[in-house]
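Peer 1: Contents of coords-v2.cif (mmCIF, C-alpha atoms) are given next:
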```cif
data_run
loop_
_atom_site.group_PDB
_atom_site.id
_atom_site.type_symbol
_atom_site.label_atom_id
_atom_site.label_comp_id
_atom_site.auth_asym_id
_atom_site.auth_seq_id
_atom_site.Cartn_x
_atom_site.Cartn_y
_atom_site.Cartn_z
ATOM 1 C CA MET U 1 -98.869 136.973 -73.863
ATOM 2 C CA THR U 2 -99.500 137.466 -77.551
ATOM 3 C CA LYS U 3 -102.178 139.597 -79.176
ATOM 4 C CA TYR U 4 -104.236 137.767 -81.796
ATOM 5 C CA LEU U 5 -106.408 139.190 -84.554
ATOM 6 C CA ILE U 6 -109.547 137.123 -85.100
ATOM 7 C CA SER U 7 -111.546 138.311 -88.100
ATOM 8 C CA PHE U 8 -113.966 137.585 -90.898
ATOM 9 C CA PRO U 9 -115.132 139.374 -94.065
ATOM 10 C CA SER U 10 -118.692 140.668 -94.148
ATOM 11 C CA ALA U 11 -119.607 138.340 -97.008
ATOM 12 C CA ALA U 12 -118.874 135.310 -94.807
ATOM 13 C CA MET U 13 -121.836 136.078 -92.551
ATOM 14 C CA VAL U 14 -124.624 134.322 -94.414
ATOM 15 C CA PHE U 15 -127.840 133.752 -92.484
ATOM 16 C CA PRO U 16 -131.504 134.729 -92.792
ATOM 17 C CA ASP U 17 -132.294 138.377 -91.993
ATOM 18 C CA ASP U 18 -134.593 137.190 -89.215
ATOM 19 C CA ASP U 19 -131.541 135.760 -87.404
ATOM 20 C CA LEU U 20 -129.661 139.080 -87.186
ATOM 21 C CA GLN U 21 -130.728 139.788 -83.605
ATOM 22 C CA ALA U 22 -129.795 136.274 -82.475
ATOM 23 C CA VAL U 23 -126.360 136.582 -84.110
ATOM 24 C CA SER U 24 -125.840 139.998 -82.543
ATOM 25 C CA ASP U 25 -126.871 138.722 -79.107
ATOM 26 C CA ALA U 26 -124.621 135.658 -79.408
ATOM 27 C CA SER U 27 -121.626 137.762 -80.423
ATOM 28 C CA HIS U 28 -122.182 140.117 -77.483
ATOM 29 C CA VAL U 29 -122.176 137.125 -75.132
ATOM 30 C CA VAL U 30 -118.750 136.067 -76.449
ATOM 31 C CA VAL U 31 -117.457 139.644 -76.158
ATOM 32 C CA GLN U 32 -118.586 139.787 -72.535
ATOM 33 C CA GLU U 33 -117.019 136.390 -71.863
ATOM 34 C CA ALA U 34 -113.693 137.637 -73.268
ATOM 35 C CA LYS U 35 -113.932 140.804 -71.161
ATOM 36 C CA ASP U 36 -114.737 138.787 -68.043
ATOM 37 C CA ALA U 37 -111.755 136.516 -68.777
ATOM 38 C CA GLY U 38 -109.479 139.567 -69.060
ATOM 39 C CA VAL U 39 -108.347 138.752 -72.616
ATOM 40 C CA TRP U 40 -110.344 141.428 -74.495
ATOM 41 C CA VAL U 41 -108.270 144.168 -76.151
ATOM 42 C CA PHE U 42 -110.538 145.534 -78.877
ATOM 43 C CA GLY U 43 -113.218 144.526 -81.309
ATOM 44 C CA GLY U 44 -115.644 145.893 -83.829
ATOM 45 C CA GLY U 45 -116.801 145.957 -87.392
ATOM 46 C CA ILE U 46 -115.550 148.188 -90.166
ATOM 47 C CA ASP U 47 -118.152 150.834 -91.055
ATOM 48 C CA GLU U 48 -118.471 150.069 -94.736
ATOM 49 C CA SER U 49 -120.590 153.177 -95.375
ATOM 50 C CA ILE U 50 -117.546 155.412 -94.803
ATOM 51 C CA PRO U 51 -115.013 155.156 -97.640
ATOM 52 C CA PRO U 52 -111.339 154.788 -96.679
ATOM 53 C CA VAL U 53 -108.769 157.521 -97.282
ATOM 54 C CA MET U 54 -104.979 157.625 -97.389
ATOM 55 C CA VAL U 55 -103.139 160.208 -95.272
ATOM 56 C CA ASP U 56 -99.573 161.082 -96.270
ATOM 57 C CA GLY U 57 -96.842 162.386 -93.982
ATOM 58 C CA ASP U 58 -97.522 165.938 -95.155
ATOM 59 C CA GLU U 59 -101.176 165.465 -94.138
ATOM 60 C CA THR U 60 -102.401 165.158 -97.737
ATOM 61 C CA VAL U 61 -105.649 163.178 -97.751
ATOM 62 C CA THR U 62 -106.510 161.095 -100.811
ATOM 63 C CA GLU U 63 -109.636 159.010 -101.344
ATOM 64 C CA GLY U 64 -109.002 155.304 -101.682
ATOM 65 C CA THR U 65 -106.623 152.827 -100.136
ATOM 66 C CA TYR U 66 -103.793 150.431 -100.844
ATOM 67 C CA THR U 67 -104.655 147.904 -103.547
ATOM 68 C CA GLN U 68 -103.994 145.058 -101.098
ATOM 69 C CA THR U 69 -106.592 146.356 -98.622
ATOM 70 C CA LYS U 70 -109.264 147.476 -101.043
ATOM 71 C CA GLN U 71 -111.624 144.805 -99.700
ATOM 72 C CA LEU U 72 -110.828 145.364 -96.006
ATOM 73 C CA GLU U 73 -114.185 145.061 -94.255
ATOM 74 C CA GLY U 74 -115.955 142.822 -91.816
ATOM 75 C CA GLY U 75 -115.501 142.152 -88.135
ATOM 76 C CA TYR U 76 -112.341 142.199 -86.056
ATOM 77 C CA THR U 77 -111.449 141.108 -82.545
ATOM 78 C CA VAL U 78 -108.090 141.515 -80.825
ATOM 79 C CA LEU U 79 -107.493 139.300 -77.800
ATOM 80 C CA GLU U 80 -104.376 138.969 -75.655
ATOM 81 C CA LEU U 81 -103.851 135.274 -75.011
ATOM 82 C CA PRO U 82 -101.237 132.894 -73.628
ATOM 83 C CA SER U 83 -101.101 130.594 -76.679
ATOM 84 C CA ARG U 84 -102.145 129.932 -80.252
ATOM 85 C CA GLU U 85 -104.320 127.108 -78.949
ATOM 86 C CA ALA U 86 -106.216 129.597 -76.775
ATOM 87 C CA ALA U 87 -106.650 131.852 -79.826
ATOM 88 C CA LEU U 88 -108.114 128.957 -81.797
ATOM 89 C CA GLU U 89 -110.530 128.195 -78.948
ATOM 90 C CA TRP U 90 -111.740 131.811 -78.861
ATOM 91 C CA ALA U 91 -111.980 131.872 -82.672
ATOM 92 C CA ALA U 92 -114.258 128.827 -82.505
ATOM 93 C CA LYS U 93 -116.519 130.613 -79.993
ATOM 94 C CA ILE U 94 -116.691 133.658 -82.263
ATOM 95 C CA ALA U 95 -117.346 131.422 -85.280
ATOM 96 C CA VAL U 96 -120.356 129.882 -83.558
ATOM 97 C CA ALA U 97 -121.714 133.297 -82.547
ATOM 98 C CA CYS U 98 -121.181 134.926 -85.952
ATOM 99 C CA ARG U 99 -122.054 131.793 -87.910
ATOM 100 C CA CYS U 100 -118.933 131.917 -90.036
ATOM 101 C CA ALA U 101 -115.329 130.738 -89.964
ATOM 102 C CA GLN U 102 -112.754 133.050 -88.411
ATOM 103 C CA GLU U 103 -109.242 133.905 -89.574
ATOM 104 C CA VAL U 104 -106.606 133.920 -86.814
ATOM 105 C CA ARG U 105 -103.354 135.884 -86.998
ATOM 106 C CA ALA U 106 -100.750 136.638 -84.348
ATOM 107 C CA PHE U 107 -99.301 140.112 -83.890
ATOM 108 C CA GLN U 108 -95.532 140.315 -83.637
ATOM 109 C CA TYR U 109 -94.295 140.990 -80.125
ATOM 110 C CA ASP U 110 -93.635 144.653 -79.383
ATOM 111 C CA PRO U 111 -92.506 145.465 -75.836
ATOM 112 C CA ALA U 112 -93.865 148.997 -76.182
ATOM 113 C CA SER U 113 -97.432 147.944 -76.971
#
```
Could you write out this structure as structure tokens?
Peer 2:
Amino acid sequence: MTKYLISFPSAAMVFPDDDLQAVSDASHVVVQEAKDAGVWVFGGGIDESIPPVMVDGDETVTEGTYTQTKQLEGGYTVLELPSREAALEWAAKIAVACRCAQEVRAFQYDPAS
């Protein structure tokens, strides 16, 4: 089984404010479906109100982040699935619930994880 990251940036979720509850409810239905199917690993949205920090090996904390991840925000789901095709099917379910396209990436296999 492979773990897949299914994600979207916050800016991709474009819908009327009045639809927020419906989108939230729909996404929770998909989360529960993934849990019931036994494929759920983790999911959630980045809290964009808390700025990122960098922590060095000597425990030095610096405000900011890597240039490449400066815009890291949005929603993330990690599912453990038997195939890429299954990941694409789950991404489509999430896309319908969140009303935006989803990016799908596979994690490299790590026997210790």
Peer 1: Using the chain letters and numbering of this document, enumerate as a list in words the residues selected by the PyMOL selection byres ((chain U and resi 105) around 10).
Peer 2: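 Evaluating the PyMOL selection byres ((chain U and resi 105) around 10) on this file yields Lys3, Tyr4, Leu5, Ile6, Ser7, Val78, Arg84, Ala87, Leu88, Gln102, Glu103, Val104, Ala106, Phe107 and Gln108 of chain U.
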Peer 1: Please provide as a list in words all residues within 10 Å of range 39-46 of chain U, with the sequence filter that same-chain residues fewer than 5 positions apart are discarded (counting all atoms listed in the file).
Peer 2: Met1, Lys3, Tyr4, Leu5, Ile6, Ser7, Phe8, Pro9, Ser10, Val31, Gln32, Glu33, Ala34, Leu72, Glu73, Gly74, Gly75, Tyr76, Thr77, Val78, Leu79, Glu80, Leu81, Pro82 and Trp90 of chain U
Peer 1: By how many Å are CA of Pro16 in chain U and CA of Ile50 in chain U apart?
Peer 2: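 It comes out at 25.0 Å.
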Peer 1: Restricting the calculation to all atoms listed in the file: of U:Val14, U:Tyr66, U:Val30, U:Ala101, which residue gets closest to Val53 in chain U?
Peer 2: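 Looking at the shortest contact to Val53 in chain U, the residue is U:Tyr66.
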Peer 1: Here's the selection I'm unsure about, the PyMOL selection byres ((chain U and resi 27) around 9); applied to the file above, which residues does it give, as a list of chain:residue names?
Peer 2: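 Applying the expression gives U:Ala22, U:Val23, U:Ser24, U:Asp25, U:Ala26, U:His28, U:Val29, U:Val30, U:Val31, U:Gln32, U:Lys93, U:Ile94, U:Val96, U:Ala97, U:Cys98.
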Peer 1: Distance CA of Thr65 in chain U-CA of Ala91 in chain U, one decimal place?
Peer 2: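 These atoms are spaced 27.8 Å apart.
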Peer 1: Using all atoms listed in the file, determine which residues lie at most 10 Å from Glu63 in chain U, disregarding the query and same-chain residues fewer than 4 positions distant; provide the list as a PyMOL selection string.
Peer 2: chain U and resi 51-55
Peer 1: So the first atom is CA of Leu20 in chain U and the second is CA of Ala92 in chain U; what is the distance between them in Å, to one decimal place?
Peer 2: 19.1 Å
Peer 1: From the block I gave, I'd like range 42-64 of chain U written with N, CA, C and O atoms, as a short mmCIF file (atom, residue, chain, number, x, y, z; two decimals), in the first residue's frame.
Peer 2:
```cif
data_model
loop_
_atom_site.label_atom_id
_atom_site.label_comp_id
_atom_site.auth_asym_id
_atom_site.auth_seq_id
_atom_site.Cartn_x
_atom_site.Cartn_y
_atom_site.Cartn_z
N PHE U 42 -4.48 10.76 7.67
CA PHE U 42 -4.46 12.08 8.30
C PHE U 42 -5.06 13.08 7.34
O PHE U 42 -4.98 12.92 6.12
N GLY U 43 -5.60 14.15 7.88
CA GLY U 43 -6.07 15.23 7.04
C GLY U 43 -6.29 16.48 7.85
O GLY U 43 -6.44 16.43 9.07
N GLY U 44 -6.29 17.61 7.17
CA GLY U 44 -6.54 18.87 7.83
C GLY U 44 -6.10 20.04 6.98
O GLY U 44 -5.52 19.87 5.91
N GLY U 45 -6.40 21.21 7.48
CA GLY U 45 -6.02 22.43 6.78
C GLY U 45 -4.93 23.15 7.56
O GLY U 45 -4.90 23.10 8.79
N ILE U 46 -4.05 23.80 6.84
CA ILE U 46 -3.00 24.60 7.46
C ILE U 46 -3.65 25.82 8.12
O ILE U 46 -4.45 26.52 7.49
N ASP U 47 -3.32 26.08 9.37
CA ASP U 47 -3.82 27.27 10.07
C ASP U 47 -3.00 28.46 9.59
O ASP U 47 -1.87 28.67 10.03
N GLU U 48 -3.58 29.20 8.67
CA GLU U 48 -2.85 30.31 8.04
C GLU U 48 -2.70 31.51 8.95
O GLU U 48 -1.98 32.45 8.63
N SER U 49 -3.34 31.51 10.12
CA SER U 49 -3.20 32.63 11.05
C SER U 49 -1.93 32.49 11.91
O SER U 49 -1.56 33.43 12.60
N ILE U 50 -1.29 31.34 11.86
CA ILE U 50 -0.07 31.11 12.63
C ILE U 50 1.10 31.08 11.65
O ILE U 50 1.18 30.19 10.80
N PRO U 51 2.01 32.06 11.73
CA PRO U 51 3.11 32.11 10.78
C PRO U 51 4.09 30.95 10.99
O PRO U 51 4.32 30.51 12.12
N PRO U 52 4.67 30.44 9.90
CA PRO U 52 5.63 29.35 10.02
C PRO U 52 6.97 29.82 10.60
O PRO U 52 7.32 31.00 10.50
N VAL U 53 7.68 28.89 11.20
CA VAL U 53 9.04 29.16 11.70
C VAL U 53 9.95 28.04 11.24
O VAL U 53 9.50 26.96 10.88
N MET U 54 11.24 28.32 11.25
CA MET U 54 12.27 27.33 10.94
C MET U 54 12.96 26.98 12.25
O MET U 54 13.26 27.87 13.06
N VAL U 55 13.20 25.68 12.48
CA VAL U 55 13.90 25.22 13.68
C VAL U 55 15.16 24.51 13.23
O VAL U 55 15.10 23.53 12.49
N ASP U 56 16.30 25.00 13.69
CA ASP U 56 17.60 24.43 13.32
C ASP U 56 17.95 23.30 14.29
O ASP U 56 17.32 23.13 15.33
N GLY U 57 18.99 22.55 13.95
CA GLY U 57 19.42 21.43 14.78
C GLY U 57 19.85 21.83 16.17
O GLY U 57 19.80 21.03 17.10
N ASP U 58 20.27 23.09 16.34
CA ASP U 58 20.65 23.56 17.67
C ASP U 58 19.47 24.20 18.40
O ASP U 58 19.65 24.87 19.40
N GLU U 59 18.28 23.99 17.87
CA GLU U 59 17.02 24.48 18.42
C GLU U 59 16.79 25.98 18.23
O GLU U 59 15.89 26.56 18.85
N THR U 60 17.59 26.62 17.37
CA THR U 60 17.36 28.02 17.04
C THR U 60 16.09 28.13 16.23
O THR U 60 15.89 27.39 15.26
N VAL U 61 15.20 29.04 16.63
CA VAL U 61 13.93 29.24 15.95
C VAL U 61 13.99 30.58 15.21
O VAL U 61 14.31 31.61 15.82
N THR U 62 13.68 30.55 13.92
CA THR U 62 13.70 31.74 13.09
C THR U 62 12.35 31.87 12.40
O THR U 62 11.82 30.89 11.88
N GLU U 63 11.80 33.09 12.39
CA GLU U 63 10.54 33.30 11.68
C GLU U 63 10.76 33.12 10.19
O GLU U 63 11.81 33.44 9.66
N GLY U 64 9.75 32.60 9.53
CA GLY U 64 9.83 32.41 8.08
C GLY U 64 9.92 30.95 7.71
O GLY U 64 9.72 30.06 8.54
#
```
